[in-house]
Structures are given as C-alpha cells and as structure tokens.
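Here's the structure, in structure tokens; my notes come after.
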Amino acid sequence: MTSFGFTLSSEEHPASRLVGLAALAEASGFDFVSISDHYHPWVDAQGHAPFVWAVLGALAERTSAIDVAVGVTCPIMRIHPAVLAQAAATTGNLLGDRFTWGVGTGEALNEHITGVKWPIAPERIAMLGEAVEVVRRLWTGERLTFEGAFFTVENAQIYDPPDHDIPIVVSAFAPRAAEMAGRIGDGLWTEAGGDVVQAWRDAGGHGPVYAQVTVCWAPTTDEAVDVAHRMWPNTCVPGQLSQDLPTPTHFEQASSTVTPQMIAAAVPCGPDAGPILAALRDAVDAGIDHVYLHQIGPDQEGFCRLWTSEIAPELTR
C-alpha cells in the first residue's frame, strides 16, 4: 500500500514554522513527513536552514502519530558518523517506531563548509558504506574502536542506543549508488522514473521506496508559477551540478536561465488537483510506495486544504 507524505522544507521555513507544519500535516491526514538536512538553502530566496536534529526533537513532542523521516543526511563529512549515530539514536528513542533515517552522499552545498575536500562520487559512495557500518555497530550499545579507510572511532559507546530498529533508507539516483543502497540499506530514497529502482532491487534492495513530488498550489496558475520560479528555480538545475555546486550564489547563477515556462513544464502549478494527482500516479507506477509532496512557498495551509478536500479522497477512491 502506498503512503503519502508532506515535505517539511527546511530551506523555506524557520524551525518553529516547521514544527507547526508537522502538526498541520498530521491533522490533514498525511502518513508521514519528510524533513531535509541542510546547512544552506539552495538559493537565497528560500532563506532558511535550521539544524534538523533540534527540529526533530520538537517534532517528537508536537506530534503523536505521524511518521517522521529525514530525507536525507550526509553522514560522511559535515558531521562524523559516530556523532550522527548518537543523534539518530536519541531521535529514534523520542519518536519510537515513527522514525526513519535517510542517508546519502550529499551535496557540496552543505558539506564543504569545514574546508574538507569534496570527494568524487565513487569515493563518497564508499565513505557512505563505511559510515553506515560505524552507525550500526554503535547502535548495538557496545564500545567501539574502529580504524577504517575513511573514519576512525576510538572507545566510543552510545549509552542510550535505539530501543528498537531504526530503518536506514539509502539515497541513490544512479545505478552504482543503487547497488550500494541495495546492499547496506533498509529502503531506497530516489526520484520517480528511470532504472534506479530496478537496479536497487537487482542488488537485493528491499523495504520502502521514497521519492518527492514537487508542486506549487496557489489560487491562480500565474501566481503559482511566479512563486515556484522565484523560490525554487533549482528544480531545473540539471544532473551533477546539484551535487557539486558549493553555494547558493552558484545555484542562483546556474538557474539564471530558468524561465517561468520551464518551471511550469516541470512542476504542477495552480489551483487544480488534476496535475498533482497525475504526478502522484506516475510516481506510484514507477515503483514508489512512499510519495511525499513538496508545496513550494509560504501557503502551506492552502495546499493542505486541497489535499484534504480533493486529493486524498480521490486517491482513496
């Protein structure tokens, strides 16, 4: 059965607003929320990037039933995996079986900030595999000393390990990363379309498959296109650029040729539920069983009204 979620866009909203939006998503009947783990927004117009682990603690207190997923953390550079193992264990103990942790190889946008060299993709994939090994070993609660190819852990012990299994869902957008995700993960974080889901399954992948559908609801199509073009032009930044550009200024430069017409072609925009439903069905047909909706812009309440009145009932039918 397909689960439908709501994006908590930490690039667009401050921490207190994200907590309120999680409560709104729960009240609106979504199955889960997904929250990003960024140090920077993609472009300055988005304007925010609170620390996700603090927000997650608040979400545990503000919500009671909705599942919470991080989509996704890069555990290989900005924060050492031994520290993230402790953060995720604490979050899992607060949220119980509602918590899922997505991990991936990240983007330079967020990970370059400590001045460490940005590795090439194959190296980042190998680093991710080792980082997940470190996390899982620390989650046993036993003392760990570890000397790997990329990470060192010395006499570390998590005294409050997870009191239940925390799913680690691994991000992949190309077949090589999908093979890694199939070997080390409890699910796949990807995008709808392409052959990644099949490559992941061929590598032994099992568990949920997460992907986002980005939309912009507004009372008129013109207003929606304007908001999406102003706040989320990076949706049309192609391929490897999204992994390698280091600052919001670079993303603004890369998206300077993105036109409103390009946004309208890439993102369902406007007041009608039909294009959104079509995008959701396409994602489900592509093998995505955890589809979450990213509403661009400040009017999250308007989109949630559309969800409860038109989209959710139609999906149920």
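Chain labels follow the order of the structure tokens: the first chain is A, the next B, and so on; residue numbering restarts at 1 in every chain, and ligands are counted from 1 in their shown order.
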Could you build a table of the residues in stretch 157-265 of chain A lying no more than 12 Å from stretch 60-83 of chain A, giving for each the nearest pair of atoms and their separation in Å rounded to one decimal place, using only C-alpha atoms, ordered by chain and ascending residue number, as CSV?
```
residue,atom,partner,partner_atom,distance
A:Gln157,CA,A:Ala82,CA,9.2
A:Ile158,CA,A:Ala82,CA,9.1
A:Ile166,CA,A:Ala69,CA,10.6
A:Pro167,CA,A:Ala69,CA,9.6
A:Ile168,CA,A:Val70,CA,9.8
A:Val169,CA,A:Val72,CA,8.7
A:Val170,CA,A:Val72,CA,8.3
A:Ser171,CA,A:Val72,CA,7.3
A:Ala172,CA,A:Val72,CA,10.8
A:Gly187,CA,A:Ala69,CA,12.0
A:Leu188,CA,A:Gly71,CA,10.7
A:Trp189,CA,A:Gly71,CA,7.7
A:Thr190,CA,A:Gly71,CA,9.9
A:Glu191,CA,A:Gly71,CA,12.0
A:Pro208,CA,A:Ala69,CA,11.7
A:Val209,CA,A:Gly71,CA,11.9
A:Tyr210,CA,A:Gly71,CA,8.9
A:Ala211,CA,A:Gly71,CA,9.4
A:Gln212,CA,A:Gly71,CA,9.7
A:Gln243,CA,A:Cys74,CA,11.7
```
What would the file look like if the residues just selected were written as a PDB file, in the first residue's frame with N, CA and C atoms?
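New file result_31.pdb:
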```
ATOM      1  N   GLN A 157      31.017   4.743  22.867  1.00  0.00           N
ATOM      2  CA  GLN A 157      29.887   3.920  23.288  1.00  0.00           C
ATOM      3  C   GLN A 157      28.660   4.801  23.429  1.00  0.00           C
ATOM      4  N   ILE A 158      27.568   4.392  22.829  1.00  0.00           N
ATOM      5  CA  ILE A 158      26.298   5.100  22.970  1.00  0.00           C
ATOM      6  C   ILE A 158      25.549   4.479  24.148  1.00  0.00           C
ATOM      7  N   ILE A 166      15.972   1.139  13.886  1.00  0.00           N
ATOM      8  CA  ILE A 166      15.721   2.351  13.105  1.00  0.00           C
ATOM      9  C   ILE A 166      16.040   2.035  11.648  1.00  0.00           C
ATOM     10  N   PRO A 167      15.071   2.128  10.747  1.00  0.00           N
ATOM     11  CA  PRO A 167      15.374   1.882   9.331  1.00  0.00           C
ATOM     12  C   PRO A 167      16.333   2.949   8.792  1.00  0.00           C
ATOM     13  N   ILE A 168      17.352   2.511   8.085  1.00  0.00           N
ATOM     14  CA  ILE A 168      18.256   3.399   7.372  1.00  0.00           C
ATOM     15  C   ILE A 168      17.944   3.263   5.887  1.00  0.00           C
ATOM     16  N   VAL A 169      17.348   4.281   5.325  1.00  0.00           N
ATOM     17  CA  VAL A 169      16.966   4.296   3.911  1.00  0.00           C
ATOM     18  C   VAL A 169      18.043   5.066   3.152  1.00  0.00           C
ATOM     19  N   VAL A 170      18.618   4.441   2.135  1.00  0.00           N
ATOM     20  CA  VAL A 170      19.797   4.985   1.464  1.00  0.00           C
ATOM     21  C   VAL A 170      19.396   5.646   0.146  1.00  0.00           C
ATOM     22  N   SER A 171      19.912   6.849  -0.053  1.00  0.00           N
ATOM     23  CA  SER A 171      19.606   7.627  -1.249  1.00  0.00           C
ATOM     24  C   SER A 171      20.442   7.156  -2.430  1.00  0.00           C
ATOM     25  N   ALA A 172      19.817   7.098  -3.609  1.00  0.00           N
ATOM     26  CA  ALA A 172      20.527   6.756  -4.844  1.00  0.00           C
ATOM     27  C   ALA A 172      19.775   7.341  -6.027  1.00  0.00           C
ATOM     28  N   GLY A 187      15.914   0.401   2.655  1.00  0.00           N
ATOM     29  CA  GLY A 187      14.990   1.044   1.737  1.00  0.00           C
ATOM     30  C   GLY A 187      15.773   1.944   0.806  1.00  0.00           C
ATOM     31  N   LEU A 188      15.055   2.600  -0.104  1.00  0.00           N
ATOM     32  CA  LEU A 188      15.672   3.430  -1.142  1.00  0.00           C
ATOM     33  C   LEU A 188      15.042   4.807  -1.141  1.00  0.00           C
ATOM     34  N   TRP A 189      15.905   5.830  -1.231  1.00  0.00           N
ATOM     35  CA  TRP A 189      15.454   7.215  -1.401  1.00  0.00           C
ATOM     36  C   TRP A 189      15.898   7.661  -2.790  1.00  0.00           C
ATOM     37  N   THR A 190      14.960   8.028  -3.664  1.00  0.00           N
ATOM     38  CA  THR A 190      15.309   8.283  -5.045  1.00  0.00           C
ATOM     39  C   THR A 190      14.335   9.266  -5.660  1.00  0.00           C
ATOM     40  N   GLU A 191      14.253   9.291  -6.985  1.00  0.00           N
ATOM     41  CA  GLU A 191      13.277  10.096  -7.695  1.00  0.00           C
ATOM     42  C   GLU A 191      12.483   9.172  -8.609  1.00  0.00           C
ATOM     43  N   PRO A 208      10.929   0.145   1.938  1.00  0.00           N
ATOM     44  CA  PRO A 208      10.189   1.230   1.302  1.00  0.00           C
ATOM     45  C   PRO A 208      11.033   1.976   0.276  1.00  0.00           C
ATOM     46  N   VAL A 209      10.353   2.570  -0.708  1.00  0.00           N
ATOM     47  CA  VAL A 209      10.992   3.410  -1.721  1.00  0.00           C
ATOM     48  C   VAL A 209      10.375   4.809  -1.623  1.00  0.00           C
ATOM     49  N   TYR A 210      11.214   5.794  -1.300  1.00  0.00           N
ATOM     50  CA  TYR A 210      10.771   7.170  -1.098  1.00  0.00           C
ATOM     51  C   TYR A 210      11.121   8.030  -2.309  1.00  0.00           C
ATOM     52  N   ALA A 211      10.205   8.915  -2.694  1.00  0.00           N
ATOM     53  CA  ALA A 211      10.503   9.932  -3.702  1.00  0.00           C
ATOM     54  C   ALA A 211       9.554  11.107  -3.508  1.00  0.00           C
ATOM     55  N   GLN A 212      10.021  12.277  -3.900  1.00  0.00           N
ATOM     56  CA  GLN A 212       9.269  13.519  -3.719  1.00  0.00           C
ATOM     57  C   GLN A 212       8.601  13.955  -5.015  1.00  0.00           C
ATOM     58  N   GLN A 243      25.028  18.209  -7.187  1.00  0.00           N
ATOM     59  CA  GLN A 243      25.929  17.614  -6.208  1.00  0.00           C
ATOM     60  C   GLN A 243      27.193  18.456  -5.980  1.00  0.00           C
TER      61      GLN A 243
END
```
Checklist entry - Taking the backbone alone, and naming residues the way the document does, which bits of stretch 63-125 of chain A are strand (DSSP E) by DSSP, as a ChimeraX atom specification? => result /A:67-73,99-103
Writer output for current selection, all heavy atoms, as a PDB file, in the first residue's frame:
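Contents of out05.pdb, as written:
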```pdb
ATOM      1  N   ASP A  67       4.400   9.512  11.008  1.00  0.00           N
ATOM      2  CA  ASP A  67       5.785   9.070  10.860  1.00  0.00           C
ATOM      3  C   ASP A  67       6.665  10.241  10.442  1.00  0.00           C
ATOM      4  O   ASP A  67       6.215  11.176   9.773  1.00  0.00           O
ATOM      5  CB  ASP A  67       5.885   7.956   9.818  1.00  0.00           C
ATOM      6  CG  ASP A  67       5.285   6.635  10.316  1.00  0.00           C
ATOM      7  OD1 ASP A  67       5.046   6.513  11.528  1.00  0.00           O
ATOM      8  OD2 ASP A  67       5.061   5.745   9.482  1.00  0.00           O
ATOM      9  N   VAL A  68       7.928  10.174  10.823  1.00  0.00           N
ATOM     10  CA  VAL A  68       8.883  11.250  10.554  1.00  0.00           C
ATOM     11  C   VAL A  68      10.115  10.647   9.906  1.00  0.00           C
ATOM     12  O   VAL A  68      10.724   9.717  10.448  1.00  0.00           O
ATOM     13  CB  VAL A  68       9.279  11.990  11.850  1.00  0.00           C
ATOM     14  CG1 VAL A  68      10.325  13.066  11.555  1.00  0.00           C
ATOM     15  CG2 VAL A  68       8.047  12.601  12.518  1.00  0.00           C
ATOM     16  N   ALA A  69      10.488  11.171   8.734  1.00  0.00           N
ATOM     17  CA  ALA A  69      11.666  10.682   8.018  1.00  0.00           C
ATOM     18  C   ALA A  69      12.592  11.849   7.712  1.00  0.00           C
ATOM     19  O   ALA A  69      12.136  12.946   7.380  1.00  0.00           O
ATOM     20  CB  ALA A  69      11.251   9.990   6.717  1.00  0.00           C
ATOM     21  N   VAL A  70      13.889  11.607   7.826  1.00  0.00           N
ATOM     22  CA  VAL A  70      14.887  12.594   7.421  1.00  0.00           C
ATOM     23  C   VAL A  70      15.319  12.257   6.005  1.00  0.00           C
ATOM     24  O   VAL A  70      15.792  11.156   5.730  1.00  0.00           O
ATOM     25  CB  VAL A  70      16.109  12.588   8.355  1.00  0.00           C
ATOM     26  CG1 VAL A  70      17.160  13.583   7.862  1.00  0.00           C
ATOM     27  CG2 VAL A  70      15.691  12.930   9.772  1.00  0.00           C
ATOM     28  N   GLY A  71      15.157  13.222   5.097  1.00  0.00           N
ATOM     29  CA  GLY A  71      15.474  12.951   3.702  1.00  0.00           C
ATOM     30  C   GLY A  71      16.356  14.022   3.070  1.00  0.00           C
ATOM     31  O   GLY A  71      15.817  14.957   2.544  1.00  0.00           O
ATOM     32  N   VAL A  72      17.666  13.862   3.067  1.00  0.00           N
ATOM     33  CA  VAL A  72      18.438  12.842   3.769  1.00  0.00           C
ATOM     34  C   VAL A  72      19.648  13.507   4.413  1.00  0.00           C
ATOM     35  O   VAL A  72      20.024  14.620   4.044  1.00  0.00           O
ATOM     36  CB  VAL A  72      18.930  11.701   2.832  1.00  0.00           C
ATOM     37  CG1 VAL A  72      17.762  10.971   2.206  1.00  0.00           C
ATOM     38  CG2 VAL A  72      19.863  12.218   1.733  1.00  0.00           C
ATOM     39  N   THR A  73      20.283  12.787   5.358  1.00  0.00           N
ATOM     40  CA  THR A  73      21.526  13.222   5.984  1.00  0.00           C
ATOM     41  C   THR A  73      22.715  12.677   5.202  1.00  0.00           C
ATOM     42  O   THR A  73      22.699  11.531   4.761  1.00  0.00           O
ATOM     43  CB  THR A  73      21.589  12.693   7.424  1.00  0.00           C
ATOM     44  OG1 THR A  73      20.547  13.263   8.193  1.00  0.00           O
ATOM     45  CG2 THR A  73      22.936  13.002   8.072  1.00  0.00           C
ATOM     46  N   PHE A  99      10.154   6.824  13.413  1.00  0.00           N
ATOM     47  CA  PHE A  99      11.322   7.482  12.837  1.00  0.00           C
ATOM     48  C   PHE A  99      12.004   6.627  11.784  1.00  0.00           C
ATOM     49  O   PHE A  99      12.262   5.437  11.994  1.00  0.00           O
ATOM     50  CB  PHE A  99      12.333   7.809  13.942  1.00  0.00           C
ATOM     51  CG  PHE A  99      13.587   8.494  13.460  1.00  0.00           C
ATOM     52  CD1 PHE A  99      13.515   9.679  12.742  1.00  0.00           C
ATOM     53  CD2 PHE A  99      14.830   7.948  13.723  1.00  0.00           C
ATOM     54  CE1 PHE A  99      14.670  10.311  12.285  1.00  0.00           C
ATOM     55  CE2 PHE A  99      15.995   8.574  13.292  1.00  0.00           C
ATOM     56  CZ  PHE A  99      15.910   9.758  12.566  1.00  0.00           C
ATOM     57  N   THR A 100      12.311   7.251  10.637  1.00  0.00           N
ATOM     58  CA  THR A 100      13.120   6.647   9.579  1.00  0.00           C
ATOM     59  C   THR A 100      14.239   7.622   9.235  1.00  0.00           C
ATOM     60  O   THR A 100      13.999   8.827   9.082  1.00  0.00           O
ATOM     61  CB  THR A 100      12.271   6.366   8.325  1.00  0.00           C
ATOM     62  OG1 THR A 100      11.303   5.357   8.625  1.00  0.00           O
ATOM     63  CG2 THR A 100      13.138   5.891   7.167  1.00  0.00           C
ATOM     64  N   TRP A 101      15.449   7.088   9.100  1.00  0.00           N
ATOM     65  CA  TRP A 101      16.604   7.943   8.803  1.00  0.00           C
ATOM     66  C   TRP A 101      17.075   7.685   7.381  1.00  0.00           C
ATOM     67  O   TRP A 101      17.525   6.590   7.053  1.00  0.00           O
ATOM     68  CB  TRP A 101      17.731   7.658   9.796  1.00  0.00           C
ATOM     69  CG  TRP A 101      18.862   8.641   9.718  1.00  0.00           C
ATOM     70  CD1 TRP A 101      18.826   9.917   9.258  1.00  0.00           C
ATOM     71  CD2 TRP A 101      20.213   8.399  10.122  1.00  0.00           C
ATOM     72  NE1 TRP A 101      20.053  10.507   9.361  1.00  0.00           N
ATOM     73  CE2 TRP A 101      20.934   9.589   9.893  1.00  0.00           C
ATOM     74  CE3 TRP A 101      20.881   7.300  10.673  1.00  0.00           C
ATOM     75  CZ2 TRP A 101      22.286   9.720  10.187  1.00  0.00           C
ATOM     76  CZ3 TRP A 101      22.220   7.424  10.963  1.00  0.00           C
ATOM     77  CH2 TRP A 101      22.918   8.620  10.717  1.00  0.00           C
ATOM     78  N   GLY A 102      16.958   8.695   6.543  1.00  0.00           N
ATOM     79  CA  GLY A 102      17.518   8.627   5.204  1.00  0.00           C
ATOM     80  C   GLY A 102      18.942   9.149   5.199  1.00  0.00           C
ATOM     81  O   GLY A 102      19.250  10.155   5.847  1.00  0.00           O
ATOM     82  N   VAL A 103      19.827   8.462   4.470  1.00  0.00           N
ATOM     83  CA  VAL A 103      21.220   8.887   4.353  1.00  0.00           C
ATOM     84  C   VAL A 103      21.631   8.860   2.889  1.00  0.00           C
ATOM     85  O   VAL A 103      21.076   8.108   2.075  1.00  0.00           O
ATOM     86  CB  VAL A 103      22.172   7.998   5.185  1.00  0.00           C
ATOM     87  CG1 VAL A 103      21.818   8.052   6.665  1.00  0.00           C
ATOM     88  CG2 VAL A 103      22.166   6.554   4.684  1.00  0.00           C
TER      89      VAL A 103
END
```
Item to check | All residues 9 Å or closer to A:Thr247, only C-alpha atoms, same chain fewer than 2 positions away omitted, as a ChimeraX atom specification | outcome: /A:40-43,108-110,245,249-252
Item to check | Interatomic distance, atom CA of A:Ile184 to atom CA of A:Val132 (Å, one decimal) | outcome: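 Atom CA of A:Ile184 sits 7.5 Å away from atom CA of A:Val132.
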